Structure formats: C-alpha cells, structure tokens
>>> print(open('run_11.txt').read())   # compact mmCIF, C-alpha atoms and all ligand atoms
# COMPACT_ATOMS: atom_id res chain seq x y z
CA MET A 1274 149.76 110.57 135.44
CA PRO A 1275 149.87 107.81 138.03
CA VAL A 1276 147.93 104.60 137.50
CA THR A 1277 144.74 104.93 139.53
CA ILE A 1278 143.04 102.40 141.79
CA LYS A 1279 139.29 102.77 141.55
CA SER A 1280 137.11 102.99 144.66
CA ALA A 1281 134.06 100.76 145.15
CA ARG A 1282 131.85 103.64 144.04
CA GLU A 1283 133.88 104.20 140.87
CA ILE A 1284 133.90 100.48 140.11
CA GLU A 1285 130.11 100.39 140.41
CA ARG A 1286 129.82 103.15 137.81
CA MET A 1287 132.27 101.43 135.50
CA ARG A 1288 130.30 98.19 135.85
CA THR A 1289 127.16 99.98 134.74
CA ALA A 1290 129.01 101.68 131.86
CA GLY A 1291 130.43 98.33 130.77
CA LYS A 1292 127.10 96.54 130.96
CA ILE A 1293 125.46 99.21 128.81
CA LEU A 1294 128.33 99.13 126.33
CA GLY A 1295 128.10 95.34 126.06
CA ARG A 1296 124.40 95.70 125.29
CA VAL A 1297 125.07 98.36 122.65
CA HIS A 1298 127.68 96.15 120.99
CA GLN A 1299 125.40 93.15 121.01
CA ASP A 1300 122.43 95.01 119.57
CA LEU A 1301 124.40 97.05 117.04
CA GLY A 1302 126.27 93.94 115.86
CA LYS A 1303 122.92 92.25 115.16
CA ALA A 1304 121.64 95.31 113.31
CA LEU A 1305 124.43 95.18 110.70
CA LYS A 1306 123.08 94.37 107.23
CA PRO A 1307 124.58 94.44 103.75
CA GLY A 1308 123.84 97.77 102.07
CA MET A 1309 123.91 99.87 105.25
CA THR A 1310 126.17 102.89 105.21
CA THR A 1311 128.77 103.27 107.91
CA LEU A 1312 127.10 106.57 108.84
CA GLU A 1313 123.82 104.72 109.48
CA ILE A 1314 125.71 102.37 111.79
CA ASP A 1315 127.08 105.34 113.71
CA ARG A 1316 123.63 106.97 113.97
CA ILE A 1317 121.99 103.81 115.28
CA GLY A 1318 124.84 103.27 117.74
CA GLU A 1319 124.69 106.82 119.05
CA GLU A 1320 120.93 106.53 119.50
CA MET A 1321 121.39 103.32 121.51
CA ILE A 1322 124.07 104.90 123.72
CA ARG A 1323 121.89 107.91 124.49
CA SER A 1324 118.82 105.73 125.10
CA TYR A 1325 120.66 104.38 128.16
CA GLY A 1326 121.45 107.86 129.41
CA CYS A 1327 125.10 107.58 128.42
CA ILE A 1328 127.31 109.93 126.44
CA PRO A 1329 129.30 108.66 123.43
CA SER A 1330 132.87 109.33 124.52
CA PHE A 1331 134.48 109.35 121.08
CA LYS A 1332 132.27 112.09 119.67
CA ASN A 1333 134.45 115.19 119.28
CA TYR A 1334 137.32 113.48 121.12
CA GLN A 1335 140.37 115.28 119.73
CA GLY A 1336 138.16 116.22 116.79
CA TYR A 1337 136.92 112.70 115.95
CA PRO A 1338 133.52 113.36 114.33
CA ALA A 1339 131.42 110.30 115.27
CA SER A 1340 130.24 108.08 118.14
CA VAL A 1341 131.21 104.73 116.63
CA CYS A 1342 134.49 104.00 114.85
CA VAL A 1343 133.52 101.83 111.88
CA SER A 1344 136.53 100.18 110.23
CA VAL A 1345 135.99 97.93 107.21
CA ASN A 1346 138.31 95.13 105.96
CA ASP A 1347 141.84 96.62 105.68
CA GLU A 1348 140.92 99.47 108.01
CA VAL A 1349 142.42 98.70 111.43
CA VAL A 1350 140.76 101.31 113.64
CA HIS A 1351 139.26 104.82 113.63
CA GLY A 1352 137.29 104.44 110.41
CA ILE A 1353 135.14 107.55 110.00
CA PRO A 1354 131.45 106.85 109.32
CA SER A 1355 130.35 108.09 105.91
CA GLU A 1356 127.13 108.17 103.94
CA ARG A 1357 129.17 107.10 100.90
CA ARG A 1358 130.56 103.89 102.38
CA ARG A 1359 128.24 100.89 102.25
CA ILE A 1360 129.05 97.56 103.86
CA LYS A 1361 128.46 94.44 101.78
CA GLU A 1362 128.28 90.67 102.12
CA GLY A 1363 131.74 89.25 102.81
CA ASP A 1364 133.09 92.38 104.52
CA ILE A 1365 134.45 92.37 108.04
CA VAL A 1366 133.45 95.39 110.09
CA SER A 1367 135.10 96.51 113.32
CA LEU A 1368 133.00 98.63 115.65
CA ASP A 1369 134.81 100.50 118.40
CA ILE A 1370 132.57 102.28 120.90
CA GLY A 1371 133.06 104.29 124.08
CA VAL A 1372 130.39 105.35 126.56
CA ILE A 1373 130.38 107.56 129.65
CA TYR A 1374 128.05 106.78 132.55
CA LYS A 1375 128.04 109.23 135.49
CA GLY A 1376 131.51 110.41 134.52
CA TYR A 1377 133.04 106.95 134.04
CA HIS A 1378 134.14 105.42 130.77
CA SER A 1379 133.89 102.03 129.17
CA ASP A 1380 135.58 101.25 125.85
CA ALA A 1381 135.12 98.10 123.75
CA ALA A 1382 135.46 96.86 120.19
CA ARG A 1383 134.16 93.90 118.19
CA THR A 1384 134.70 92.75 114.61
CA HIS A 1385 131.71 91.29 112.77
CA GLY A 1386 131.43 89.38 109.51
CA ILE A 1387 128.70 90.57 107.13
CA GLY A 1388 126.73 87.60 105.83
CA GLU A 1389 128.97 84.85 104.59
CA ILE A 1390 132.67 85.63 104.98
CA SER A 1391 135.80 83.78 103.91
CA LYS A 1392 137.34 81.09 106.07
CA ASN A 1393 140.43 83.27 106.52
CA ALA A 1394 138.36 86.23 107.64
CA GLY A 1395 136.42 84.13 110.13
CA ASN A 1396 139.63 82.69 111.55
CA LEU A 1397 141.15 86.15 111.90
CA ILE A 1398 138.14 87.47 113.82
CA ARG A 1399 138.01 84.47 116.15
CA ARG A 1400 141.73 84.35 116.83
CA THR A 1401 141.85 88.08 117.52
CA ARG A 1402 139.23 87.54 120.21
CA GLU A 1403 141.12 84.53 121.49
CA SER A 1404 144.33 86.57 121.73
CA PHE A 1405 142.53 88.90 124.14
CA PHE A 1406 141.47 85.97 126.30
CA SER A 1407 145.02 84.60 126.28
CA GLY A 1408 146.01 87.91 127.82
CA MET A 1409 143.29 87.57 130.45
CA ARG A 1410 145.10 84.58 131.95
CA TYR A 1411 147.61 87.09 133.31
CA ALA A 1412 145.18 89.88 134.16
CA ALA A 1413 145.28 89.42 137.93
CA ALA A 1414 146.72 91.23 140.93
CA GLY A 1415 150.33 90.27 141.49
CA ARG A 1416 151.05 89.68 137.80
CA TYR A 1417 152.93 92.21 135.69
CA LEU A 1418 151.29 94.26 132.96
CA HIS A 1419 153.51 93.07 130.15
CA GLN A 1420 152.66 89.45 130.86
CA ILE A 1421 149.26 90.30 129.36
CA SER A 1422 151.00 91.92 126.38
CA ALA A 1423 153.26 88.92 125.79
CA ALA A 1424 150.40 86.43 125.98
CA VAL A 1425 148.32 88.37 123.44
CA TYR A 1426 151.32 88.65 121.13
CA ASP A 1427 152.43 85.03 121.34
CA TYR A 1428 148.94 83.75 120.64
CA ALA A 1429 148.46 85.95 117.56
CA LYS A 1430 151.98 85.28 116.26
CA SER A 1431 151.44 81.53 116.48
CA PHE A 1432 149.19 81.90 113.42
CA GLY A 1433 151.68 84.11 111.57
CA TYR A 1434 149.56 87.22 112.01
CA GLY A 1435 150.88 90.78 112.22
CA VAL A 1436 150.34 92.40 115.61
CA VAL A 1437 149.84 96.16 115.38
CA ARG A 1438 152.45 98.10 117.38
CA ASP A 1439 151.61 101.69 116.55
CA LEU A 1440 148.47 101.69 118.71
CA VAL A 1441 148.08 100.26 122.20
CA GLY A 1442 145.49 99.70 124.92
CA HIS A 1443 145.29 101.94 127.97
CA GLY A 1444 144.11 102.56 131.48
CA ILE A 1445 140.53 103.87 131.66
CA GLY A 1446 138.25 105.45 134.25
CA SER A 1447 137.17 109.06 134.62
CA HIS A 1448 139.17 109.58 131.41
CA LEU A 1449 139.02 107.52 128.22
CA HIS A 1450 142.80 107.24 128.15
CA GLU A 1451 144.71 106.88 131.39
CA ASP A 1452 148.06 105.35 132.23
CA PRO A 1453 149.37 102.74 131.79
CA GLU A 1454 149.76 101.98 128.09
CA VAL A 1455 148.84 98.36 127.36
CA PRO A 1456 150.89 97.07 124.40
CA ASN A 1457 149.90 93.98 122.47
CA PHE A 1458 153.50 92.91 121.91
CA ARG A 1459 156.45 91.68 123.92
CA LYS A 1460 158.45 94.26 125.85
CA PHE A 1461 161.83 93.89 127.47
CA THR A 1462 160.42 95.28 130.71
CA ARG A 1463 157.82 93.61 132.91
CA GLY A 1464 155.67 96.71 133.29
CA ILE A 1465 153.77 97.72 136.41
CA ARG A 1466 152.61 95.21 138.96
CA LEU A 1467 148.85 94.76 138.65
CA ARG A 1468 146.68 95.58 141.67
CA PRO A 1469 142.99 95.13 142.51
CA GLY A 1470 140.96 98.14 141.36
CA MET A 1471 143.03 98.90 138.28
CA THR A 1472 140.92 99.20 135.13
CA LEU A 1473 142.41 98.58 131.70
CA ALA A 1474 141.22 98.67 128.10
CA VAL A 1475 142.97 95.71 126.47
CA GLU A 1476 142.61 95.87 122.69
CA PRO A 1477 144.53 93.64 120.30
CA MET A 1478 144.51 94.82 116.67
CA ILE A 1479 145.58 91.85 114.57
CA ASN A 1480 146.42 91.80 110.85
CA GLU A 1481 146.24 88.93 108.41
CA GLY A 1482 149.58 90.04 106.92
CA THR A 1483 152.12 92.63 107.97
CA TYR A 1484 151.95 94.40 111.34
CA ARG A 1485 152.75 97.64 109.52
CA VAL A 1486 150.04 100.26 109.19
CA GLY A 1487 149.53 103.61 107.54
CA TRP A 1488 147.09 106.49 107.86
CA LYS A 1489 144.43 107.60 105.41
CA LYS A 1490 144.38 111.21 104.27
CA ASN A 1491 141.64 112.05 106.79
CA GLY A 1492 144.35 111.82 109.44
CA TRP A 1493 142.38 109.30 111.51
CA THR A 1494 141.80 106.03 109.75
CA VAL A 1495 144.51 103.44 110.26
CA VAL A 1496 144.90 100.90 107.42
CA THR A 1497 147.12 97.86 106.98
CA ALA A 1498 150.22 98.65 104.90
CA ASP A 1499 149.59 95.63 102.65
CA ARG A 1500 145.82 96.24 102.46
CA ARG A 1501 145.03 92.79 103.86
CA LEU A 1502 142.38 92.32 106.56
CA SER A 1503 142.56 93.49 110.17
CA ALA A 1504 140.42 92.65 113.22
CA HIS A 1505 139.99 94.34 116.61
CA TYR A 1506 138.73 93.05 119.94
CA GLU A 1507 138.62 95.20 123.07
CA ASN A 1508 137.10 95.18 126.53
CA THR A 1509 137.26 97.27 129.66
CA VAL A 1510 138.70 95.02 132.36
CA LEU A 1511 138.78 95.30 136.18
CA ILE A 1512 141.77 93.71 137.90
CA THR A 1513 140.94 91.72 141.04
CA LYS A 1514 142.81 89.22 143.19
CA GLY A 1515 141.53 86.39 141.02
CA LYS A 1516 139.84 86.22 137.66
CA PRO A 1517 139.43 89.66 136.07
CA GLU A 1518 136.00 91.21 135.68
CA ILE A 1519 135.42 91.90 132.00
CA LEU A 1520 133.10 94.83 132.41
CA SER A 1521 132.04 95.17 128.75
CA ILE A 1522 131.46 91.47 127.98
CA THR A 1523 128.16 90.83 126.18
CA GLU A 1524 125.39 88.51 127.35
CA ASP A 1525 125.70 86.54 124.12
CA GLU A 1526 129.40 85.94 124.72
CA VAL A 1527 128.67 84.64 128.21
CA ALA A 1528 125.85 82.46 126.87
CA ALA A 1529 128.22 81.08 124.20
CA GLY A 1530 130.81 80.20 126.85
CA ILE A 1531 133.38 82.62 125.44
CA TRP A 1532 133.80 84.00 128.95
CA THR A 1533 132.47 82.72 132.26
CA PRO A 1534 132.23 85.54 134.79
CA GLY A 1535 132.86 84.67 138.24
CA GLY A 1536 133.96 84.13 141.55
CA ASN A 1537 135.48 87.21 143.01
CA ALA A 1538 133.89 90.64 142.95
N1 LIG A 1601 139.31 102.35 121.43
C1 LIG A 1601 139.94 103.52 120.85
C2 LIG A 1601 141.00 104.01 121.79
O1 LIG A 1601 141.09 103.51 122.85
C3 LIG A 1601 138.95 104.53 120.49
C4 LIG A 1601 139.38 105.95 120.37
S1 LIG A 1601 138.61 106.61 119.02
C5 LIG A 1601 138.56 108.26 119.24
O2 LIG A 1601 141.82 104.84 121.50
F1 LIG A 1601 137.90 108.73 118.31
F2 LIG A 1601 137.98 108.54 120.34
F3 LIG A 1601 139.79 108.74 119.27
CO CO A 1602 140.56 101.83 123.64
>>> encode(input="run_11.txt", output="structure tokens")
Amino acid sequence: MPVTIKSAREIERMRTAGKILGRVHQDLGKALKPGMTTLEIDRIGEEMIRSYGCIPSFKNYQGYPASVCVSVNDEVVHGIPSERRRIKEGDIVSLDIGVIYKGYHSDAARTHGIGEISKNAGNLIRRTRESFFSGMRYAAAGRYLHQISAAVYDYAKSFGYGVVRDLVGHGIGSHLHEDPEVPNFRKFTRGIRLRPGMTLAVEPMINEGTYRVGWKKNGWTVVTADRRLSAHYENTVLITKGKPEILSITEDEVAAGIWTPGGNA
C-alpha cells in the first residue's frame, strides 16, 4: 500500500482523535492505583474512549480481546488485561491505546510508575520518552524516515539499553496500521522521504537489558527475553514543513515543557 498524504479534512479528524487520546492517557494514567487489576484499567479506559464518542481500535483487532494493552514490568507490549493480574507499588505499567474518531485513528502509549519505583525504572521510562523526542528532531518534510529511526536508536543505545527490533511503528490514518514501517533501529537504507501530510505512529520499545523478546503462551504478550524491565512511548505524529505536530501529546506534557507545540499548522 502506498504511503498516504492526508487531506486537510483528514488531518482535522486525526487532530481530534489525537486530542481525545491524549486526554484518555492523561486521565487513565492518573487513575492507576496499587491493587487495581489490569482488567479494571481496560474497563475504565474503554469507558473513557466511548464517553468521547470514539471507538477503541484495538478491541477485536486481529482477535485482540481488549481496548487497552496493559503491559507490566518485563512485558513489552500487548499485555492482555486480566482480572487475576493486580498492579502493585513499584511496578511499571505500559498502557497502549488506540481510538477511532469519524473513521480516523490515533495510537499512543505511555509507561507509568506505580507509587514509588526504583531509580533504574524511572530512568528507563524517562529515557524511553526522550528517545522518541530525539527522533522528532528529524520528523520533518525533506528528511528521510530512517533518520528518525537512527536518532531513536542512538539515544537509547547511549545508555546501554536494548532496543526492540521485532516490533516497529507504522503509518496511521483511516487504518491503524498503514505503510511505512517505522523501525526504532538503524537501517542501511534511508527510507522514504518525508512529506507534509504524512502521519506516523512512532513507538520506541526500550529494554533495560537485552533487545531480545519472546511471546507468552497467549500468543499476544511480548516479554523481554531476560525478564528485565521494558518501557514504551508512542505518539501519532503529523509531518509538516517544520516542527511535527504531535497529535496525541497530553496537556500535562505540554505544561511540563516535555513538548512545545508550535509554529506551523
Ligand atoms: N500500538 C500497537 C500497534 O501499533 C497496538 C496494537 S495492539 C492490537 O501495533 F491489539 F491492536 F493489536
Ligand atoms: Co502503534
């Protein structure tokens, strides 16, 4: 499938989808408490998504049974919510959520610490987010796709982390997954030339130890091969001539100065 350039009308819908998804992430992140089950997290998240008139895009996607992927500690992505899994103080919990607004998707992930977490865990979460923003320095028309990939990779590797290779980011729009693939590692090709109106889900998955992963018996849940921690940070991004528009950024992140929107709609 060719890489699509979104029209003004499509971009407007994706902006709304992203804004809603940012709100859901912000509110669901604040609702996390020790003792909650991962199924409760999914239920609350789905309720929030529907309260904005959106559809949870992951639900029943290729048979995935929930609206929110909840991945705890050594789980990298695609954790399946369960009434038997409770989160506890010291855990790190990755929430990956997709919404559809008027036929257009937004996809984003955040990793949260529950209560007090270890220094190492906090560093991993922060640096995973920072690796995404390193990539954003190259997310502009005229750059090449794999410049984003290389920047994410180099930043994460500078701390000795493992960068997951078996899963990648993707184009996004009227489908959750569109071309191109967006790797988080260095390639020997430069990839496509970026153009205004392209929309990408950039999603580094960064491990404390090895980059190698395995799959749980449920066929979905990806875990680190060495069972050390993993963090995930993802946003839906619009390419423009200048600074990218990070459609699923949260208000809290903007208030904290993690990202300053601006300049070039
Ligand atoms: N952010 C993930 C992705 O882009 C979420 C997919 S989970 C699934 O692939 F359940 F929908 F598969
Ligand atoms: Co994604």
>>> atom_distance(input="run_11.txt", atom1="atom CA of A:His1443", atom2="atom CA of A:Met1471")
11.0 Å
>>> closest_residue(input="run_11.txt", among="A:Pro1307, A:Gly1415, A:Pro1477, A:Gly1302", to="ligand LIG 1601 (chain A)", atoms="all atoms listed in the file")
A:Pro1477
>>> residues_near_ligand(input="run_11.txt", ligand="ligand CO 1602 (chain A)", cutoff="8 Å", atoms="only C-alpha atoms and all ligand atoms", output="list of chain:residue names")
A:Asp1369, A:Gly1371, A:Asp1380, A:Ala1381, A:Ala1382, A:Val1441, A:Gly1442, A:His1443, A:Leu1449, A:His1450, A:Ala1474, A:Val1475, A:Glu1476, A:Glu1507
>>> residues_around(input="run_11.txt", residues="A:Met1287", least_positions_apart="2", cutoff="9 Å", atoms="all atoms listed in the file", output="mmCIF file with C-alpha atoms, in the coordinates of the input")
data_model
loop_
_atom_site.group_PDB
_atom_site.id
_atom_site.type_symbol
_atom_site.label_atom_id
_atom_site.label_comp_id
_atom_site.auth_asym_id
_atom_site.auth_seq_id
_atom_site.Cartn_x
_atom_site.Cartn_y
_atom_site.Cartn_z
ATOM 1 C CA ARG A 1282 131.850 103.640 144.040
ATOM 2 C CA GLU A 1283 133.880 104.200 140.870
ATOM 3 C CA ILE A 1284 133.900 100.480 140.110
ATOM 4 C CA GLU A 1285 130.110 100.390 140.410
ATOM 5 C CA THR A 1289 127.160 99.980 134.740
ATOM 6 C CA ALA A 1290 129.010 101.680 131.860
ATOM 7 C CA GLY A 1291 130.430 98.330 130.770
ATOM 8 C CA LYS A 1292 127.100 96.540 130.960
ATOM 9 C CA ILE A 1373 130.380 107.560 129.650
ATOM 10 C CA TYR A 1374 128.050 106.780 132.550
ATOM 11 C CA LYS A 1375 128.040 109.230 135.490
ATOM 12 C CA TYR A 1377 133.040 106.950 134.040
ATOM 13 C CA HIS A 1378 134.140 105.420 130.770
ATOM 14 C CA SER A 1379 133.890 102.030 129.170
ATOM 15 C CA GLY A 1446 138.250 105.450 134.250
ATOM 16 C CA THR A 1472 140.920 99.200 135.130
ATOM 17 C CA THR A 1509 137.260 97.270 129.660
ATOM 18 C CA LEU A 1511 138.780 95.300 136.180
ATOM 19 C CA LEU A 1520 133.100 94.830 132.410
#
>>> closest_residue(input="run_11.txt", among="A:Lys1489, A:Ala1423, A:Glu1356, A:Val1436", to="A:Gly1464", atoms="only C-alpha atoms")
A:Ala1423
>>> residues_around(input="run_11.txt", residues="stretch 1397-1405 of chain A", least_positions_apart="3", cutoff="9 Å", atoms="all atoms listed in the file", output="JSON, numbers by chain")
{"A": [1365, 1383, 1384, 1385, 1386, 1392, 1393, 1394, 1408, 1409, 1421, 1424, 1425, 1426, 1427, 1428, 1429, 1432, 1434, 1475, 1476, 1477, 1478, 1479, 1480, 1481, 1502, 1503, 1504, 1505, 1506, 1507, 1508, 1531]}
>>> atom_distance(input="run_11.txt", atom1="atom CA of A:Pro1456", atom2="atom CA of A:Ser1422")
5.5 Å
>>> residues_around(input="run_11.txt", residues="A:Val1496", least_positions_apart="3", cutoff="10 Å", atoms="all atoms listed in the file", output="PyMOL selection string")
chain A and resi 1344-1352+1480+1485-1489+1493+1499-1503
>>> atom_distance(input="run_11.txt", atom1="atom CA of A:Thr1462", atom2="atom CA of A:Gly1482")
26.7 Å
>>> axis_aligned_box(input="run_11.txt", around="ligand LIG 1601 (chain A)", padding_each_side="5 Å", output="JSON")
{"center_x": 139.9, "center_y": 105.5, "center_z": 120.6, "size_x": 13.9, "size_y": 16.4, "size_z": 14.5}
>>> closest_residue(input="run_11.txt", among="A:Pro1354, A:Gly1515, A:Gly1363, A:Gly1530", to="ligand LIG 1601 (chain A)", atoms="only C-alpha atoms and all ligand atoms")
A:Pro1354
>>> residues_around(input="run_11.txt", residues="A:Ser1355", least_positions_apart="4", cutoff="7 Å", atoms="only C-alpha atoms", output="number ranges by chain")
A: 1310-1312
>>> closest_residue(input="run_11.txt", among="A:Arg1288, A:Lys1332, A:Lys1430, A:Lys1361", to="ligand LIG 1601 (chain A)", atoms="only C-alpha atoms and all ligand atoms")
A:Lys1332
>>> closest_residue(input="run_11.txt", among="A:Leu1294, A:Leu1301, A:Val1276, A:Ile1360", to="A:Arg1316", atoms="all atoms listed in the file")
A:Leu1301
>>> closest_residue(input="run_11.txt", among="A:Lys1279, A:Arg1359, A:Arg1416, A:Arg1438", to="A:Arg1463", atoms="only C-alpha atoms")
A:Arg1416
>>> residues_near_point(input="run_11.txt", point="(127.9, 91.4, 124.4)", cutoff="9 Å", atoms="all atoms listed in the file", output="PyMOL selection string")
chain A and resi 1292+1294-1300+1521-1527
>>> residues_around(input="run_11.txt", residues="A:Thr1513", least_positions_apart="3", cutoff="10 Å", atoms="only C-alpha atoms", output="PyMOL selection string")
chain A and resi 1412-1415+1467-1472+1510+1516-1518+1537-1538
>>> decode(input="run_11.txt", residues="stretch 1292-1311 of chain A", atoms="N, CA, C and O atoms", output="PDB file, in the first residue's frame")
ATOM      1  N   LYS A1292      -6.254  14.419  20.159  1.00  0.00           N
ATOM      2  CA  LYS A1292      -6.549  15.207  21.363  1.00  0.00           C
ATOM      3  C   LYS A1292      -7.320  14.357  22.370  1.00  0.00           C
ATOM      4  O   LYS A1292      -7.016  14.354  23.566  1.00  0.00           O
ATOM      5  N   ILE A1293      -8.302  13.627  21.879  1.00  0.00           N
ATOM      6  CA  ILE A1293      -9.085  12.747  22.764  1.00  0.00           C
ATOM      7  C   ILE A1293      -8.178  11.673  23.362  1.00  0.00           C
ATOM      8  O   ILE A1293      -8.220  11.401  24.570  1.00  0.00           O
ATOM      9  N   LEU A1294      -7.331  11.090  22.537  1.00  0.00           N
ATOM     10  CA  LEU A1294      -6.461  10.021  23.043  1.00  0.00           C
ATOM     11  C   LEU A1294      -5.487  10.559  24.098  1.00  0.00           C
ATOM     12  O   LEU A1294      -5.229   9.895  25.108  1.00  0.00           O
ATOM     13  N   GLY A1295      -4.977  11.757  23.881  1.00  0.00           N
ATOM     14  CA  GLY A1295      -4.099  12.374  24.889  1.00  0.00           C
ATOM     15  C   GLY A1295      -4.830  12.540  26.217  1.00  0.00           C
ATOM     16  O   GLY A1295      -4.287  12.256  27.291  1.00  0.00           O
ATOM     17  N   ARG A1296      -6.091  12.965  26.125  1.00  0.00           N
ATOM     18  CA  ARG A1296      -6.892  13.132  27.337  1.00  0.00           C
ATOM     19  C   ARG A1296      -7.113  11.797  28.036  1.00  0.00           C
ATOM     20  O   ARG A1296      -6.994  11.681  29.262  1.00  0.00           O
ATOM     21  N   VAL A1297      -7.415  10.769  27.256  1.00  0.00           N
ATOM     22  CA  VAL A1297      -7.643   9.434  27.840  1.00  0.00           C
ATOM     23  C   VAL A1297      -6.365   8.962  28.540  1.00  0.00           C
ATOM     24  O   VAL A1297      -6.413   8.473  29.683  1.00  0.00           O
ATOM     25  N   HIS A1298      -5.225   9.127  27.882  1.00  0.00           N
ATOM     26  CA  HIS A1298      -3.968   8.706  28.507  1.00  0.00           C
ATOM     27  C   HIS A1298      -3.715   9.462  29.808  1.00  0.00           C
ATOM     28  O   HIS A1298      -3.312   8.882  30.821  1.00  0.00           O
ATOM     29  N   GLN A1299      -3.934  10.760  29.765  1.00  0.00           N
ATOM     30  CA  GLN A1299      -3.674  11.566  30.949  1.00  0.00           C
ATOM     31  C   GLN A1299      -4.564  11.126  32.107  1.00  0.00           C
ATOM     32  O   GLN A1299      -4.097  10.916  33.227  1.00  0.00           O
ATOM     33  N   ASP A1300      -5.842  10.969  31.831  1.00  0.00           N
ATOM     34  CA  ASP A1300      -6.793  10.629  32.891  1.00  0.00           C
ATOM     35  C   ASP A1300      -6.604   9.183  33.366  1.00  0.00           C
ATOM     36  O   ASP A1300      -6.658   8.909  34.563  1.00  0.00           O
ATOM     37  N   LEU A1301      -6.365   8.277  32.447  1.00  0.00           N
ATOM     38  CA  LEU A1301      -6.199   6.871  32.844  1.00  0.00           C
ATOM     39  C   LEU A1301      -4.890   6.698  33.624  1.00  0.00           C
ATOM     40  O   LEU A1301      -4.834   5.955  34.605  1.00  0.00           O
ATOM     41  N   GLY A1302      -3.860   7.408  33.202  1.00  0.00           N
ATOM     42  CA  GLY A1302      -2.579   7.344  33.928  1.00  0.00           C
ATOM     43  C   GLY A1302      -2.750   7.778  35.382  1.00  0.00           C
ATOM     44  O   GLY A1302      -2.183   7.164  36.295  1.00  0.00           O
ATOM     45  N   LYS A1303      -3.569   8.822  35.596  1.00  0.00           N
ATOM     46  CA  LYS A1303      -3.789   9.316  36.960  1.00  0.00           C
ATOM     47  C   LYS A1303      -4.680   8.389  37.770  1.00  0.00           C
ATOM     48  O   LYS A1303      -4.654   8.416  39.000  1.00  0.00           O
ATOM     49  N   ALA A1304      -5.453   7.575  37.085  1.00  0.00           N
ATOM     50  CA  ALA A1304      -6.372   6.661  37.793  1.00  0.00           C
ATOM     51  C   ALA A1304      -5.668   5.394  38.281  1.00  0.00           C
ATOM     52  O   ALA A1304      -6.236   4.635  39.069  1.00  0.00           O
ATOM     53  N   LEU A1305      -4.443   5.157  37.830  1.00  0.00           N
ATOM     54  CA  LEU A1305      -3.749   3.920  38.219  1.00  0.00           C
ATOM     55  C   LEU A1305      -3.427   3.928  39.711  1.00  0.00           C
ATOM     56  O   LEU A1305      -2.874   4.904  40.223  1.00  0.00           O
ATOM     57  N   LYS A1306      -3.793   2.850  40.392  1.00  0.00           N
ATOM     58  CA  LYS A1306      -3.547   2.725  41.834  1.00  0.00           C
ATOM     59  C   LYS A1306      -3.101   1.301  42.152  1.00  0.00           C
ATOM     60  O   LYS A1306      -3.597   0.357  41.527  1.00  0.00           O
ATOM     61  N   PRO A1307      -2.213   1.157  43.127  1.00  0.00           N
ATOM     62  CA  PRO A1307      -1.823  -0.199  43.528  1.00  0.00           C
ATOM     63  C   PRO A1307      -3.068  -1.008  43.906  1.00  0.00           C
ATOM     64  O   PRO A1307      -3.987  -0.467  44.519  1.00  0.00           O
ATOM     65  N   GLY A1308      -3.095  -2.271  43.499  1.00  0.00           N
ATOM     66  CA  GLY A1308      -4.224  -3.135  43.836  1.00  0.00           C
ATOM     67  C   GLY A1308      -5.245  -3.257  42.721  1.00  0.00           C
ATOM     68  O   GLY A1308      -6.070  -4.179  42.728  1.00  0.00           O
ATOM     69  N   MET A1309      -5.229  -2.320  41.759  1.00  0.00           N
ATOM     70  CA  MET A1309      -6.155  -2.438  40.620  1.00  0.00           C
ATOM     71  C   MET A1309      -5.788  -3.653  39.779  1.00  0.00           C
ATOM     72  O   MET A1309      -4.603  -3.985  39.651  1.00  0.00           O
ATOM     73  N   THR A1310      -6.777  -4.252  39.164  1.00  0.00           N
ATOM     74  CA  THR A1310      -6.467  -5.313  38.199  1.00  0.00           C
ATOM     75  C   THR A1310      -6.275  -4.672  36.823  1.00  0.00           C
ATOM     76  O   THR A1310      -6.787  -3.586  36.542  1.00  0.00           O
ATOM     77  N   THR A1311      -5.547  -5.380  35.987  1.00  0.00           N
ATOM     78  CA  THR A1311      -5.330  -4.838  34.643  1.00  0.00           C
ATOM     79  C   THR A1311      -6.636  -4.827  33.845  1.00  0.00           C
ATOM     80  O   THR A1311      -6.798  -4.012  32.942  1.00  0.00           O
TER      81      THR A1311
END
